[in-house]
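A.B. asks: Mind having a look at this structure? Questions to follow.
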Amino acid sequence: MSVRALLDIHVARKRFADTTVLKDVRLALQPREAVSLLGPSGCGKSTLLRIVAGLEQDFQGELRRPDGEVAFVFQEPRLMPWLTVEQNIGFSDDNHYDRAWVTQLIEEVGLKGFAQALPKALSGGMAQRVAIARGLYSRPQVLLLDEPFSAVDAFTRMKLQDLLLQLAEHHAIALLLVTHDVDEALYLSDRVLVMDNRPSSIRQALAVELPHPRDRRDPRLAQLKALSLTALQQAHVI
Amino acid sequence: MTPFTQRLLGACALALCLQPLAHATETDPAEVNLDYAYYSPVSLVLKHFGWLEQALPDSKVGWVLSQGSNRSLEYLNSGGVDFASSASLSAVLSRANGSPIKSVYVYSRAEWTALVVRKDSPLNSVTDLKGKKIAATKGTDPYLFTLRSLQKAGLKKDDVELVHLQHPDGRTALEKGDVDAWAGLDPHMAASEIQAGSRLLYRNKDFNSYGVVSVTEKFAKAHPQTITKVIGAYEKARDWAVKHPDEFARLLADESGLPLEVARLQLSRTDLSTPFLSSKDVVSSKAAAPILVSEELVRKGVNVDQVIDQLIDTSFGH
Amino acid sequence: MTSKTQAVPLATPLAINRSAWPRRLKGLVLPVLILLVLEVVVRVGWLPSYQMPAPSEIALTLTDLAEGALWKHISASLGRVVLGFVIGASLALVFAAWVGLSREAEAYLEPTFAGLRSIPSLAWVPLLLLWLGIDETSKIVLIAIGAFFPVYLNGVAAIRDIDRKLVEVGQMYGFSRRRLVRRILLPAALPGLFTGLRSGLSLAWMFLVAAELIAATKGLGYLLSDGRETSRPDIVLAAIIVLALLGKVSDGLLAALEKRCLAWRDTFQGAGQ
């Protein structure tokens with residue numbers, strides 16, 4: 001039985017000035033699915049994500065967005081420095097945000113007690129948690145993440161990855177994640193799409209059919225990593 | 001660098017340098033600065049003919065234009081000029097407030113100030129000025145004339161609005177309609193009468209004070225000979241002015257840039273006859289001085305009579 | 001749950017400050033010293049008192065004035081500064097927002113403002129006197145002109161300086177132009193705006209004195225010229241002191257407001273605490 005995809009995108013061509021960044025990219029996202037876009041810097045994966053988010057509108061192709069909400073988490077937390085954690089999370093609703101929902105989200109991301117804190121008092125990891133909570137506030141069906149954990153240290157990264165999986169499971173959210181970290185892609189996703197250099201398209205799709213919760217030490221992950229690295233090599237990325 | 005700062009920095013150096021000369025005979029200073037003004041017509045004559053430069057061959061003579069008594073006394077106090085031309089009552093005010101100056105010569109006795117209104121003004125007497133705007137240059141004779149006139153009419157300076165503008169600007173303000181009256185000063189007053197048809201609302205010869213040339217005490221002590229020479233040159237100019245009235249008027253007109261009739265009108269109200277200070281002048285100043293106290297222009301507790309005695313130096317008269 | 005790492009000061013003070021004096025007192029040391037030296041120098045006679053009155057004399061003059069017309073002059077000057085500053089700053093904020101947000105507006109307006117900005121304050125005086133007379137209007141306009149340019153300049157710079165990344169967050173949420181301005185641009189530009197406001201206020205005081213030196217009947221600048229014309233340097237200095245105090249107090253109020261509104265800033269506070 002085929003389930004109608006939540007999100008469907010086809011980019012025939014995306015240009016920046018004279019450079020073609022994306023060429024013939026097709027992507028469909030199923031409900032509750034986690035998909036990673038893996039590739040080198042500048043290959044256009046962030047651009048693809050921004051097209052899906054609606055931040056880039058100048059492209060040739062079609063985009064079918066889901067009926068529900070789509071939220072975005074940037075690489076940097078991008079919190080409004082003059083607002084408290086609570087106000088930042090409820091940012092899209094101005095001053096009349098849903099306090100109860102915000103409080104719940106704060107607890108879910110592990111920041112209980114920090115509702116009134118200002119961003120300047122938060123560490124990088126904590127700020128990114130707030131950004132994730134902000135993303136979840138609109139109760140999205142799809143969460144788009146652009147290298148969300150690249151700015152934090154390795155240990156924080158692992159904790160945040162687990163948190164993300166938890167939240168996605170709990171709130172039934174599909175994830176579309178851009179990353180350059182092979183381990184992260186494999187740990188989080190159901191599918192890993194390997195992209196090559198520009199003009200970029202999806203070179204290979206790797207299915208990660210391991211149940212959650214996954215163990216980072218699992219040898220099957222190591223095998224998949226080897227496959228990914230081969231693919232990346234063939235794409236002349238590494 | 002202002003002379004003030006020069007004094008500070010050069011004090012020690014000067015003391016050292018001048019020690020050997022301290023007991024030598026008095027010489028004229030290397031530089032002598034005087035002011036000249038359109039309200040002191042004789043100064044214009046003196047400047048024009050260069051008689052002072054002849055009388056002081058070893059000194060560099062400098063001339064500074066003064067726009068009013070307030071300015072000339074300011075220059076005197078700051079060392080910008082050595083000889084300042086001002087109204088005698090203004091000099092009293094300055095001395096009463098602490099400036100160590102001495103008046104040595106009378107450059108004119110003129111009816112040079114009055115209260116002026118526009119030709120179409122509805123105002124007819126001093127009492128009509130209550131609550132009105134009067135342009136007057138603070139610290140000058142027209143200002144003091146205004147206060148005395150107001151007092152005579154039973155008004156105080158707070159009963160009117162006194163706007164502080166320098167003499168030429170006061171005239172403009174009157175003619176433009178920005179003020180209701182103006183404490184005028186010749187030649188600007190004469191010019192306003194003739195060119196704009198302005199009317200003299202109130203005249204009072206007795207409320208005009210005579211014009212004096214003043215020096216600092218220090219200068220008087222150090223260079224009495226120079227003062228005598230300067231007065232001598234002034235006398236030469238005065239003599240010429242009295243003997244050549246037509247040329248005098250023409251000179252005044254040329255220098256001030258005003259028409260000949262204006263110059264003539266000013267000179268018709270100017271008396272150059274008794275240039276030397278006498279006890280009569282001391283008496284007349286003392287009679288005028290109470291206005292300074294009653295309008296609180298001097299500090300509390302100042303004995304104005306004493307001030308006048310210290311100010312007026314009759315020793316330079318013949 | 002990650003714990004916050006304590007921020008380490010960049011430069012550890014070389015010697016730990018053991019002085020018991022509160023910080024405020026240190027600021028008073030220099031002025032008090034200067035006053036004492038002046039008092040001695042004038043009393044001894046090294047400086048003539050008719051040019052530089054002794055501080056004690058100035059204090060006496062101040063007390064005299066305080067019993068009399070000083071408050072009239074203060075209220076006149078304060079009124080002018082407040083009105084002129086409010087007018088100038090408000091106009092500046094409007095124009096800064098317009099030019100900052102619209103490249104078109106910038107292309108049309110910026111060159112004119114740049115030209116007007118370079119006109120020195122005193123050069124405006126004769127023109128304003130000619131056009132607006134010697135009354136309050138010309139004075140208020142002069143002060144407003146003084147306040148306008150720092151606020152405008154800093155406002156435009158502040159808006160231009162805003163992190164594009166923050167604006168993108170708003171765009172992602174689909175904010176309208178107005179909502180973007182209200183929710184992101186304005187708060188983000190606030191630090192720069194405050195700098196402009198403080199600068200504008202101090203210039204407003206300066207232009208006030210210029211305005212009152214010419215054709216005034218009351219005010220602190222009038223008091224200043226009064227002292228000048230009647231050979232009362234003590235009044236001149238008294239007026240200067242009052243002006244300095246008022247300027248300091250008004251700036252202090254603005255600074256306190258700034259501190260309150262910008263408590264969220266994460267910036268370098270200076271070393272040595």
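Following the order of the structure tokens, chains are lettered A, B, ..., residues in each are numbered from 1, and ligands are numbered from 1.
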For stretch 153-166 of chain C, work out the shell of residues within 9 Å, counting only C-alpha atoms and skipping chain neighbours fewer than 4 positions away, then give it as number ranges by chain.
C.D. replies: A: 76, 78-80; C: 92-93, 95-101, 148-149, 170-171, 184-186, 188-197
A.B. asks: Among stretch 117-200 of chain A, which residues carry a DSSP assignment of strand (DSSP E), reported as number ranges by chain?
C.D. replies: A: 142-146, 174-179, 191-195
A.B. asks: Pull C-alpha atoms from the residues just selected and write them as a JSON list (two decimals), in the first residue's frame.
C.D. replies:
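Saved the output as again-v1.json:
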```
[["chain", "number", "residue", "atom", "x", "y", "z"],
["A", 142, "VAL", "CA", 8.15, 18.04, 9.20],
["A", 143, "LEU", "CA", 11.23, 19.36, 10.91],
["A", 144, "LEU", "CA", 13.99, 20.63, 8.64],
["A", 145, "LEU", "CA", 17.43, 20.77, 10.21],
["A", 146, "ASP", "CA", 20.50, 22.38, 8.61],
["A", 174, "ALA", "CA", 9.31, 13.57, 9.97],
["A", 175, "LEU", "CA", 12.90, 14.79, 9.86],
["A", 176, "LEU", "CA", 14.85, 16.10, 6.89],
["A", 177, "LEU", "CA", 18.37, 16.65, 8.05],
["A", 178, "VAL", "CA", 21.39, 18.11, 6.30],
["A", 179, "THR", "CA", 24.72, 16.97, 7.64],
["A", 191, "ARG", "CA", 17.45, 6.86, 4.58],
["A", 192, "VAL", "CA", 20.72, 8.53, 3.78],
["A", 193, "LEU", "CA", 20.91, 10.37, 0.50],
["A", 194, "VAL", "CA", 24.47, 10.92, -0.68],
["A", 195, "MET", "CA", 24.96, 14.02, -2.76]]
```
A.B. asks: Would you kindly return, as a PyMOL selection string, each protein, DNA or RNA residue with an atom no farther than 9 Å from any atom of stretch 264-271 of chain B, considering only C-alpha atoms and excluding same-chain residues fewer than 3 positions away?
C.D. replies: chain B and resi 39+41+108-112+186-187+189-191+194+245-246+248-250+252-253+259-261+274
A.B. asks: Give the alpha helix (DSSP H) residues of stretch 6-223 of chain B, as assigned by DSSP on the backbone, as a short mmCIF file (atom, residue, chain, number, x, y, z; two decimals) with N, CA and C atoms, in the first residue's frame.
C.D. replies:
```
data_model
loop_
_atom_site.label_atom_id
_atom_site.label_comp_id
_atom_site.auth_asym_id
_atom_site.auth_seq_id
_atom_site.Cartn_x
_atom_site.Cartn_y
_atom_site.Cartn_z
N GLN B 6 49.11 83.58 27.95
CA GLN B 6 50.48 84.08 27.84
C GLN B 6 51.00 84.52 29.19
N ARG B 7 50.14 85.19 29.91
CA ARG B 7 50.57 85.69 31.22
C ARG B 7 50.94 84.53 32.13
N LEU B 8 50.11 83.50 32.12
CA LEU B 8 50.36 82.33 32.96
C LEU B 8 51.70 81.70 32.64
N LEU B 9 51.92 81.45 31.34
CA LEU B 9 53.09 80.70 30.95
C LEU B 9 54.35 81.56 31.02
N GLY B 10 54.20 82.83 30.68
CA GLY B 10 55.41 83.65 30.58
C GLY B 10 55.80 84.35 31.86
N ALA B 11 55.00 84.15 32.92
CA ALA B 11 55.25 84.90 34.15
C ALA B 11 56.69 84.78 34.63
N CYS B 12 57.11 83.54 34.78
CA CYS B 12 58.46 83.32 35.30
C CYS B 12 59.52 83.85 34.35
N ALA B 13 59.35 83.49 33.07
CA ALA B 13 60.35 83.90 32.09
C ALA B 13 60.47 85.42 32.04
N LEU B 14 59.34 86.07 32.03
CA LEU B 14 59.30 87.53 31.96
C LEU B 14 60.00 88.15 33.16
N ALA B 15 59.67 87.59 34.32
CA ALA B 15 60.27 88.13 35.55
C ALA B 15 61.78 88.09 35.47
N LEU B 16 62.27 86.95 34.99
CA LEU B 16 63.71 86.80 34.88
C LEU B 16 64.31 87.80 33.90
N CYS B 17 63.62 87.89 32.73
CA CYS B 17 64.17 88.74 31.68
C CYS B 17 64.17 90.21 32.05
N LEU B 18 63.11 90.63 32.74
CA LEU B 18 62.96 92.06 32.98
C LEU B 18 63.67 92.55 34.23
N PRO B 41 33.50 108.93 17.37
CA PRO B 41 33.94 109.44 16.07
C PRO B 41 35.39 109.92 16.06
N VAL B 42 35.85 110.48 17.18
CA VAL B 42 37.23 110.99 17.21
C VAL B 42 38.23 109.85 17.04
N SER B 43 37.89 108.66 17.54
CA SER B 43 38.81 107.53 17.37
C SER B 43 39.02 107.23 15.90
N LEU B 44 37.95 107.44 15.11
CA LEU B 44 38.07 107.19 13.68
C LEU B 44 39.04 108.19 13.04
N VAL B 45 38.97 109.44 13.52
CA VAL B 45 39.88 110.47 13.00
C VAL B 45 41.31 110.09 13.33
N LEU B 46 41.51 109.71 14.58
CA LEU B 46 42.86 109.37 15.04
C LEU B 46 43.44 108.23 14.23
N LYS B 47 42.60 107.22 14.03
CA LYS B 47 43.07 106.04 13.28
C LYS B 47 43.37 106.43 11.84
N HIS B 48 42.51 107.27 11.29
CA HIS B 48 42.66 107.63 9.88
C HIS B 48 43.96 108.38 9.61
N PHE B 49 44.31 109.34 10.48
CA PHE B 49 45.47 110.20 10.18
C PHE B 49 46.80 109.63 10.65
N TRP B 51 48.20 109.77 13.59
CA TRP B 51 48.97 110.62 14.48
C TRP B 51 49.51 109.85 15.67
N LEU B 52 48.82 108.80 16.06
CA LEU B 52 49.28 108.02 17.19
C LEU B 52 50.55 107.26 16.83
N GLU B 53 50.55 106.72 15.60
CA GLU B 53 51.74 106.01 15.15
C GLU B 53 52.94 106.95 15.14
N GLN B 54 52.68 108.25 14.83
CA GLN B 54 53.78 109.22 14.85
C GLN B 54 54.22 109.48 16.28
N ALA B 55 53.25 109.52 17.20
CA ALA B 55 53.60 109.84 18.60
C ALA B 55 54.33 108.69 19.27
N SER B 69 30.20 99.12 24.19
CA SER B 69 30.95 99.22 25.45
C SER B 69 31.23 97.86 26.04
N ASN B 70 30.24 96.97 25.95
CA ASN B 70 30.42 95.64 26.53
C ASN B 70 31.63 94.93 25.90
N ARG B 71 31.77 95.08 24.59
CA ARG B 71 32.88 94.42 23.92
C ARG B 71 34.20 95.06 24.27
N SER B 72 34.25 96.41 24.23
CA SER B 72 35.54 97.07 24.45
C SER B 72 36.06 96.79 25.85
N LEU B 73 35.13 96.74 26.83
CA LEU B 73 35.58 96.45 28.19
C LEU B 73 36.03 95.01 28.31
N GLU B 74 35.39 94.14 27.56
CA GLU B 74 35.80 92.73 27.56
C GLU B 74 37.23 92.62 27.02
N TYR B 75 37.48 93.34 25.92
CA TYR B 75 38.83 93.29 25.34
C TYR B 75 39.85 93.84 26.31
N LEU B 76 39.45 94.92 27.01
CA LEU B 76 40.38 95.52 27.96
C LEU B 76 40.72 94.53 29.07
N ASN B 77 39.71 93.87 29.57
CA ASN B 77 39.93 92.94 30.67
C ASN B 77 40.74 91.73 30.28
N SER B 78 40.63 91.34 29.02
CA SER B 78 41.36 90.14 28.62
C SER B 78 42.70 90.46 28.00
N SER B 88 30.83 105.87 30.31
CA SER B 88 31.41 105.95 31.65
C SER B 88 30.66 105.05 32.63
N LEU B 89 29.35 104.97 32.50
CA LEU B 89 28.59 104.14 33.43
C LEU B 89 28.91 102.66 33.24
N SER B 90 29.18 102.28 32.01
CA SER B 90 29.58 100.89 31.75
C SER B 90 30.91 100.61 32.42
N ALA B 91 31.81 101.60 32.37
CA ALA B 91 33.11 101.42 33.02
C ALA B 91 32.92 101.27 34.52
N VAL B 92 31.98 102.04 35.08
CA VAL B 92 31.70 101.93 36.52
C VAL B 92 31.22 100.51 36.83
N LEU B 93 30.31 100.01 36.03
CA LEU B 93 29.78 98.66 36.23
C LEU B 93 30.91 97.63 36.21
N SER B 94 31.78 97.80 35.22
CA SER B 94 32.87 96.84 35.09
C SER B 94 33.79 96.88 36.30
N ARG B 95 34.13 98.11 36.72
CA ARG B 95 35.02 98.25 37.88
C ARG B 95 34.34 97.71 39.13
N ALA B 96 33.03 97.99 39.25
CA ALA B 96 32.29 97.54 40.43
C ALA B 96 32.26 96.02 40.51
N ASP B 141 25.61 101.65 27.59
CA ASP B 141 24.84 102.82 28.02
C ASP B 141 23.36 102.74 27.63
N PRO B 142 23.05 102.34 26.39
CA PRO B 142 21.63 102.22 26.05
C PRO B 142 20.87 101.31 27.02
N TYR B 143 21.51 100.25 27.44
CA TYR B 143 20.88 99.34 28.40
C TYR B 143 20.61 100.07 29.72
N LEU B 144 21.63 100.76 30.19
CA LEU B 144 21.47 101.48 31.45
C LEU B 144 20.49 102.63 31.29
N PHE B 145 20.50 103.29 30.12
CA PHE B 145 19.51 104.33 29.82
C PHE B 145 18.11 103.75 29.95
N THR B 146 17.92 102.57 29.38
CA THR B 146 16.60 101.93 29.43
C THR B 146 16.18 101.71 30.88
N LEU B 147 17.10 101.18 31.67
CA LEU B 147 16.75 100.90 33.06
C LEU B 147 16.37 102.18 33.80
N ARG B 148 17.14 103.23 33.56
CA ARG B 148 16.85 104.49 34.23
C ARG B 148 15.51 105.06 33.78
N SER B 149 15.25 104.95 32.48
CA SER B 149 13.97 105.44 31.96
C SER B 149 12.81 104.66 32.55
N LEU B 150 12.98 103.34 32.62
CA LEU B 150 11.92 102.50 33.18
C LEU B 150 11.66 102.87 34.63
N GLN B 151 12.76 103.07 35.36
CA GLN B 151 12.64 103.40 36.77
C GLN B 151 11.86 104.69 36.94
N LYS B 152 12.18 105.66 36.08
CA LYS B 152 11.49 106.95 36.14
C LYS B 152 10.00 106.78 35.91
N HIS B 167 24.33 96.11 19.27
CA HIS B 167 23.65 97.31 18.73
C HIS B 167 23.11 97.15 17.30
N PRO B 168 23.93 96.76 16.32
CA PRO B 168 23.40 96.67 14.95
C PRO B 168 22.27 95.65 14.83
N ASP B 169 22.39 94.52 15.57
CA ASP B 169 21.35 93.50 15.51
C ASP B 169 20.06 93.99 16.15
N GLY B 170 20.20 94.83 17.17
CA GLY B 170 19.02 95.39 17.81
C GLY B 170 18.23 96.25 16.84
N ARG B 171 18.96 97.00 16.05
CA ARG B 171 18.29 97.83 15.05
C ARG B 171 17.52 96.96 14.07
N THR B 172 18.19 95.91 13.57
CA THR B 172 17.53 95.01 12.64
C THR B 172 16.28 94.41 13.25
N ALA B 173 16.41 93.98 14.50
CA ALA B 173 15.27 93.34 15.17
C ALA B 173 14.09 94.30 15.26
N LEU B 174 14.38 95.58 15.56
CA LEU B 174 13.31 96.57 15.64
C LEU B 174 12.65 96.72 14.28
N GLU B 175 13.47 96.92 13.27
CA GLU B 175 12.90 97.20 11.95
C GLU B 175 12.17 96.00 11.38
N LYS B 176 12.60 94.81 11.75
CA LYS B 176 11.91 93.60 11.27
C LYS B 176 10.63 93.33 12.04
N HIS B 188 23.91 103.91 14.69
CA HIS B 188 22.83 103.04 14.23
C HIS B 188 21.47 103.67 14.47
N MET B 189 21.37 104.38 15.58
CA MET B 189 20.09 105.02 15.89
C MET B 189 19.77 106.09 14.85
N ALA B 190 20.76 106.93 14.56
CA ALA B 190 20.56 107.97 13.54
C ALA B 190 20.20 107.33 12.21
N ALA B 191 20.88 106.23 11.89
CA ALA B 191 20.61 105.56 10.62
C ALA B 191 19.19 105.04 10.58
N SER B 192 18.74 104.47 11.69
CA SER B 192 17.38 103.95 11.72
C SER B 192 16.36 105.07 11.56
N GLU B 193 16.65 106.21 12.21
CA GLU B 193 15.73 107.36 12.09
C GLU B 193 15.61 107.80 10.64
N ILE B 194 16.78 107.93 10.00
CA ILE B 194 16.79 108.50 8.66
C ILE B 194 16.37 107.48 7.62
N GLN B 195 16.89 106.27 7.73
CA GLN B 195 16.64 105.30 6.67
C GLN B 195 15.31 104.57 6.84
N ALA B 196 14.92 104.30 8.08
CA ALA B 196 13.68 103.54 8.28
C ALA B 196 12.57 104.38 8.88
N GLU B 217 44.71 99.22 35.52
CA GLU B 217 45.52 99.84 36.59
C GLU B 217 46.99 99.57 36.38
N LYS B 218 47.24 98.36 35.98
CA LYS B 218 48.62 97.92 35.78
C LYS B 218 49.29 98.77 34.71
N PHE B 219 48.57 99.00 33.62
CA PHE B 219 49.10 99.79 32.52
C PHE B 219 49.34 101.21 32.99
N ALA B 220 48.38 101.75 33.77
CA ALA B 220 48.51 103.12 34.26
C ALA B 220 49.75 103.29 35.12
N LYS B 221 50.02 102.26 35.92
CA LYS B 221 51.20 102.34 36.78
C LYS B 221 52.48 102.21 35.99
N ALA B 222 52.45 101.35 34.98
CA ALA B 222 53.69 101.05 34.26
C ALA B 222 54.00 102.04 33.15
#
```
A.B. asks: Give me the residues near A:Ile106 as a PyMOL selection string, where near means some atom within 8 Å (using only C-alpha atoms) and where sequence neighbours in that chain fewer than 3 positions away do not count.
C.D. replies: chain A and resi 86+102-103+109-112+114-115+130+133
A.B. asks: Give me a file of those residues, with all heavy atoms, as a tab-separated table (two decimals), in the first residue's frame.
C.D. replies:
```tsv
chain	number	residue	atom	x	y	z
A	86	GLU	N	11.59	31.27	27.17
A	86	GLU	CA	10.16	31.05	26.97
A	86	GLU	C	9.65	31.87	25.79
A	86	GLU	O	8.94	31.35	24.92
A	86	GLU	CB	9.44	31.46	28.25
A	86	GLU	CG	8.04	30.94	28.36
A	86	GLU	CD	7.42	31.38	29.67
A	86	GLU	OE1	7.00	32.55	29.77
A	86	GLU	OE2	7.35	30.55	30.58
A	102	VAL	N	4.61	25.69	25.87
A	102	VAL	CA	6.01	26.09	25.95
A	102	VAL	C	6.69	25.44	27.16
A	102	VAL	O	7.80	24.92	27.06
A	102	VAL	CB	6.14	27.64	26.04
A	102	VAL	CG1	7.58	28.02	26.35
A	102	VAL	CG2	5.72	28.27	24.73
A	103	THR	N	5.98	25.46	28.29
A	103	THR	CA	6.56	24.86	29.49
A	103	THR	C	6.84	23.38	29.26
A	103	THR	O	7.87	22.85	29.65
A	103	THR	CB	5.61	25.05	30.68
A	103	THR	OG1	5.15	26.40	30.70
A	103	THR	CG2	6.28	24.71	31.98
A	109	VAL	N	12.92	19.26	26.25
A	109	VAL	CA	14.29	19.41	25.74
A	109	VAL	C	15.32	19.45	26.87
A	109	VAL	O	16.50	19.63	26.63
A	109	VAL	CB	14.45	20.67	24.85
A	109	VAL	CG1	13.57	20.57	23.63
A	109	VAL	CG2	14.20	21.92	25.63
A	110	GLY	N	14.85	19.28	28.09
A	110	GLY	CA	15.77	19.16	29.22
A	110	GLY	C	16.25	20.50	29.76
A	110	GLY	O	17.35	20.60	30.30
A	111	LEU	N	15.45	21.53	29.65
A	111	LEU	CA	15.88	22.83	30.16
A	111	LEU	C	14.95	23.32	31.27
A	111	LEU	O	14.70	24.51	31.41
A	111	LEU	CB	15.89	23.85	29.02
A	111	LEU	CG	17.02	23.70	28.01
A	111	LEU	CD1	16.88	24.70	26.89
A	111	LEU	CD2	18.37	23.87	28.68
A	112	LYS	N	14.47	22.41	32.06
A	112	LYS	CA	13.55	22.83	33.12
A	112	LYS	C	14.21	23.85	34.04
A	112	LYS	O	15.35	23.67	34.46
A	112	LYS	CB	13.15	21.59	33.94
A	112	LYS	CG	12.03	21.87	34.90
A	112	LYS	CD	11.45	20.58	35.43
A	112	LYS	CE	10.30	20.92	36.39
A	112	LYS	NZ	9.73	19.71	37.00
A	114	PHE	N	14.80	26.97	33.18
A	114	PHE	CA	15.47	28.03	32.43
A	114	PHE	C	14.50	28.89	31.64
A	114	PHE	O	14.91	29.64	30.76
A	114	PHE	CB	16.49	27.42	31.46
A	114	PHE	CG	17.78	27.04	32.13
A	114	PHE	CD1	17.91	25.79	32.71
A	114	PHE	CD2	18.84	27.94	32.19
A	114	PHE	CE1	19.09	25.43	33.35
A	114	PHE	CE2	20.02	27.58	32.83
A	114	PHE	CZ	20.14	26.33	33.40
A	115	ALA	N	13.24	28.80	31.98
A	115	ALA	CA	12.23	29.51	31.18
A	115	ALA	C	12.49	31.02	31.10
A	115	ALA	O	12.25	31.64	30.08
A	115	ALA	CB	10.84	29.24	31.75
A	130	VAL	N	16.96	25.10	22.81
A	130	VAL	CA	15.87	26.08	22.73
A	130	VAL	C	15.42	26.23	21.28
A	130	VAL	O	14.22	26.31	20.99
A	130	VAL	CB	16.32	27.45	23.28
A	130	VAL	CG1	15.22	28.48	23.10
A	130	VAL	CG2	16.71	27.34	24.74
A	133	ALA	N	13.25	23.40	20.46
A	133	ALA	CA	11.93	23.60	21.09
A	133	ALA	C	11.12	24.60	20.30
A	133	ALA	O	9.91	24.42	20.09
A	133	ALA	CB	12.11	24.06	22.53
```
A.B. asks: C:Leu47: which residues within 10 Å, counting only C-alpha atoms, same-chain residues fewer than 6 positions away excluded, as a list in words?
C.D. replies: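 Returned residues: Phe4, Arg7 and Leu8 of chain B; Leu38, Glu39, Val40, Val41, Pro53 and Ala54 of chain C.
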A.B. asks: Can those selected residues be exported to a file as a PDB file, in the first residue's frame so that it contains N, CA and C atoms?
C.D. replies:
```pdb
ATOM      1  N   PHE B   4      45.762  85.952  28.314  1.00  0.00           N
ATOM      2  CA  PHE B   4      45.581  85.349  29.628  1.00  0.00           C
ATOM      3  C   PHE B   4      46.552  84.182  29.813  1.00  0.00           C
ATOM      4  N   ARG B   7      50.137  85.191  29.911  1.00  0.00           N
ATOM      5  CA  ARG B   7      50.566  85.686  31.217  1.00  0.00           C
ATOM      6  C   ARG B   7      50.944  84.532  32.135  1.00  0.00           C
ATOM      7  N   LEU B   8      50.109  83.505  32.119  1.00  0.00           N
ATOM      8  CA  LEU B   8      50.357  82.333  32.961  1.00  0.00           C
ATOM      9  C   LEU B   8      51.704  81.705  32.638  1.00  0.00           C
TER      10      LEU B   8
ATOM     11  N   LEU C  38      42.901  75.466  42.630  1.00  0.00           N
ATOM     12  CA  LEU C  38      42.419  76.756  42.132  1.00  0.00           C
ATOM     13  C   LEU C  38      42.203  77.742  43.275  1.00  0.00           C
ATOM     14  N   GLU C  39      41.557  77.275  44.325  1.00  0.00           N
ATOM     15  CA  GLU C  39      41.262  78.137  45.473  1.00  0.00           C
ATOM     16  C   GLU C  39      42.549  78.758  46.006  1.00  0.00           C
ATOM     17  N   VAL C  40      43.523  77.916  46.194  1.00  0.00           N
ATOM     18  CA  VAL C  40      44.805  78.395  46.732  1.00  0.00           C
ATOM     19  C   VAL C  40      45.456  79.388  45.773  1.00  0.00           C
ATOM     20  N   VAL C  41      45.519  78.996  44.507  1.00  0.00           N
ATOM     21  CA  VAL C  41      46.201  79.822  43.515  1.00  0.00           C
ATOM     22  C   VAL C  41      45.583  81.209  43.395  1.00  0.00           C
ATOM     23  N   PRO C  53      37.755  83.740  39.083  1.00  0.00           N
ATOM     24  CA  PRO C  53      37.324  83.857  40.476  1.00  0.00           C
ATOM     25  C   PRO C  53      37.587  82.564  41.247  1.00  0.00           C
ATOM     26  N   ALA C  54      37.803  82.709  42.543  1.00  0.00           N
ATOM     27  CA  ALA C  54      38.067  81.540  43.369  1.00  0.00           C
ATOM     28  C   ALA C  54      36.818  80.672  43.461  1.00  0.00           C
TER      29      ALA C  54
END
```
A.B. asks: Which residue gives the smallest distance to chain C among B:Val163, B:Leu311, B:Leu56, B:Ile227, with only C-alpha atoms counted?
C.D. replies: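 Ranking B:Val163, B:Leu311, B:Leu56, B:Ile227 by distance to chain C, first place goes to B:Val163.
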A.B. asks: What are the residues of chain A that have an atom within 7 Å of an atom of chain C, counting only C-alpha atoms, as a tab-separated table (two decimals) with N, CA and C atoms, in the first residue's frame?
C.D. replies:
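Heads up, here's the output in iface-v6.tsv:
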```tsv
chain	number	residue	atom	x	y	z
A	55	LEU	N	12.51	29.35	1.87
A	55	LEU	CA	13.41	30.49	1.95
A	55	LEU	C	14.06	30.80	0.61
A	78	ARG	N	20.30	31.00	16.68
A	78	ARG	CA	19.58	32.17	16.19
A	78	ARG	C	18.42	32.53	17.12
A	81	PRO	N	18.23	37.74	21.18
A	81	PRO	CA	18.94	37.94	22.46
A	81	PRO	C	18.15	38.72	23.51
A	82	TRP	N	17.13	39.47	23.08
A	82	TRP	CA	16.42	40.27	24.05
A	82	TRP	C	15.19	39.56	24.62
A	92	SER	N	6.78	32.78	17.37
A	92	SER	CA	5.89	32.98	16.23
A	92	SER	C	4.50	33.46	16.64
A	110	GLY	N	14.85	19.28	28.09
A	110	GLY	CA	15.77	19.16	29.22
A	110	GLY	C	16.25	20.50	29.76
A	118	LEU	N	17.95	34.44	29.87
A	118	LEU	CA	18.26	35.12	28.62
A	118	LEU	C	19.29	34.32	27.84
A	120	LYS	N	22.01	35.01	26.63
A	120	LYS	CA	23.41	35.19	26.97
A	120	LYS	C	23.87	34.29	28.11
A	122	LEU	N	23.08	31.10	28.30
A	122	LEU	CA	23.03	29.71	27.87
A	122	LEU	C	24.31	29.29	27.17
A	123	SER	N	24.66	28.01	27.32
A	123	SER	CA	25.78	27.48	26.55
A	123	SER	C	25.28	27.15	25.15
A	126	MET	N	22.75	24.30	25.06
A	126	MET	CA	21.47	24.69	25.62
A	126	MET	C	20.70	25.57	24.64
```
